[in-house]
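Structure first, then comments.
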Amino acid sequence: MINSPLEDIEAAALQLTPTDRAHLAERLLASLDDNDEILAAWVEEAERRADAFDRGEIDGIDVDEAITQARARIAARQSA
């Protein structure tokens, strides 16, 4: 099966360090430019989390674990 360009970009992005992924997320959010107030809040949150990670205040989790947790939360909401 051939990956879509989006899947290729996502796979490459997930190989970045957490700090680089946070910076990429910031740039991607900035490119949306639909609602400056919401965008500014997301950028601020991404920067806050990246800084906390860099200071060792929070830990990252493996992407597979993050996906597993997200799917479990979605499933719990759908069954409620």
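Naming scheme: A, B, ... for chains in displayed order of the structure tokens; residues 1 onward per chain; ligands 1 onward as shown.
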Item to check | Which of chain A DSSP labels helix (DSSP H, G or I), written as JSON, numbers by chain | outcome: {"A": [5, 6, 7, 8, 9, 10, 11, 12, 13, 14, 18, 19, 20, 21, 22, 23, 24, 25, 26, 27, 28, 29, 30, 31, 32, 36, 37, 38, 39, 40, 41, 42, 43, 44, 45, 46, 47, 48, 49, 50, 51, 52, 53, 54, 63, 64, 65, 66, 67, 68, 69, 70, 71, 72, 73, 74, 75, 76, 77, 78, 79]}
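Those residues that approach A:Ala40 to within 12 Å, counting only C-alpha atoms, are Glu26, Arg27, Leu29, Ala30, Ser31, Leu32, Asp33, Asp34, Ala46 and Glu47 of chain A; same-chain residues fewer than 6 positions away are not listed.
Considering the residues A:Ile61, A:Ala75, A:Ile67, A:Val43 and counting only C-alpha atoms, A:Ala22 has its shortest atom-to-atom contact with A:Val43.
Here atom CA of A:Glu7 stands at a distance of 17.4 Å from atom CA of A:Ala66.
For the pair atom CA of A:Glu65 and atom CA of A:Arg21, the separation is 16.8 Å.
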Next on the checklist: Which residues are near A:Ala11? Cut-off 12 Å, only C-alpha atoms, ignore same chain within fewer than 6 positions. Put them as a PyMOL selection string.
Outcome noted: chain A and resi 3-5+21+63
Using only C-alpha atoms, which residues sit within 12 Å of A:Asp62 once same-chain residues fewer than 3 positions away are excluded, as a PDB file with N, CA, C and O atoms, in the first residue's frame?
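Just written: result-v1.pdb:
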ATOM      1  N   LEU A  14       7.039  12.612  13.283  1.00  0.00           N
ATOM      2  CA  LEU A  14       7.089  11.835  14.525  1.00  0.00           C
ATOM      3  C   LEU A  14       8.498  11.349  14.847  1.00  0.00           C
ATOM      4  O   LEU A  14       8.757  10.921  15.968  1.00  0.00           O
ATOM      5  N   GLN A  15       9.399  11.445  13.898  1.00  0.00           N
ATOM      6  CA  GLN A  15      10.792  11.079  14.148  1.00  0.00           C
ATOM      7  C   GLN A  15      11.587  12.232  14.762  1.00  0.00           C
ATOM      8  O   GLN A  15      12.708  12.045  15.223  1.00  0.00           O
ATOM      9  N   THR A  17      12.598  15.250  17.455  1.00  0.00           N
ATOM     10  CA  THR A  17      12.632  15.325  18.914  1.00  0.00           C
ATOM     11  C   THR A  17      11.351  16.008  19.392  1.00  0.00           C
ATOM     12  O   THR A  17      10.718  16.747  18.632  1.00  0.00           O
ATOM     13  N   PRO A  18      10.964  15.798  20.645  1.00  0.00           N
ATOM     14  CA  PRO A  18       9.766  16.473  21.153  1.00  0.00           C
ATOM     15  C   PRO A  18       9.832  17.999  21.010  1.00  0.00           C
ATOM     16  O   PRO A  18       8.839  18.632  20.657  1.00  0.00           O
ATOM     17  N   ASP A  59       7.164  14.721  31.467  1.00  0.00           N
ATOM     18  CA  ASP A  59       7.743  13.674  30.638  1.00  0.00           C
ATOM     19  C   ASP A  59       6.927  13.517  29.375  1.00  0.00           C
ATOM     20  O   ASP A  59       5.721  13.775  29.355  1.00  0.00           O
ATOM     21  N   GLU A  65       1.726   4.865  22.737  1.00  0.00           N
ATOM     22  CA  GLU A  65       0.988   4.944  23.993  1.00  0.00           C
ATOM     23  C   GLU A  65       0.001   6.107  23.960  1.00  0.00           C
ATOM     24  O   GLU A  65      -1.135   5.981  24.438  1.00  0.00           O
ATOM     25  N   ALA A  66       0.401   7.240  23.397  1.00  0.00           N
ATOM     26  CA  ALA A  66      -0.501   8.392  23.294  1.00  0.00           C
ATOM     27  C   ALA A  66      -1.717   8.040  22.451  1.00  0.00           C
ATOM     28  O   ALA A  66      -2.853   8.380  22.804  1.00  0.00           O
ATOM     29  N   ILE A  67      -1.504   7.344  21.339  1.00  0.00           N
ATOM     30  CA  ILE A  67      -2.610   6.946  20.476  1.00  0.00           C
ATOM     31  C   ILE A  67      -3.523   5.961  21.200  1.00  0.00           C
ATOM     32  O   ILE A  67      -4.748   6.065  21.136  1.00  0.00           O
ATOM     33  N   THR A  68      -2.929   5.010  21.905  1.00  0.00           N
ATOM     34  CA  THR A  68      -3.714   4.038  22.669  1.00  0.00           C
ATOM     35  C   THR A  68      -4.588   4.746  23.701  1.00  0.00           C
ATOM     36  O   THR A  68      -5.779   4.443  23.850  1.00  0.00           O
ATOM     37  N   GLN A  69      -4.009   5.699  24.422  1.00  0.00           N
ATOM     38  CA  GLN A  69      -4.768   6.446  25.428  1.00  0.00           C
ATOM     39  C   GLN A  69      -5.892   7.259  24.786  1.00  0.00           C
ATOM     40  O   GLN A  69      -7.016   7.308  25.304  1.00  0.00           O
TER      41      GLN A  69
END
Checklist outcome for this item: From atom CA of A:Glu37 to atom CA of A:His23 the spacing works out at 18.6 Å
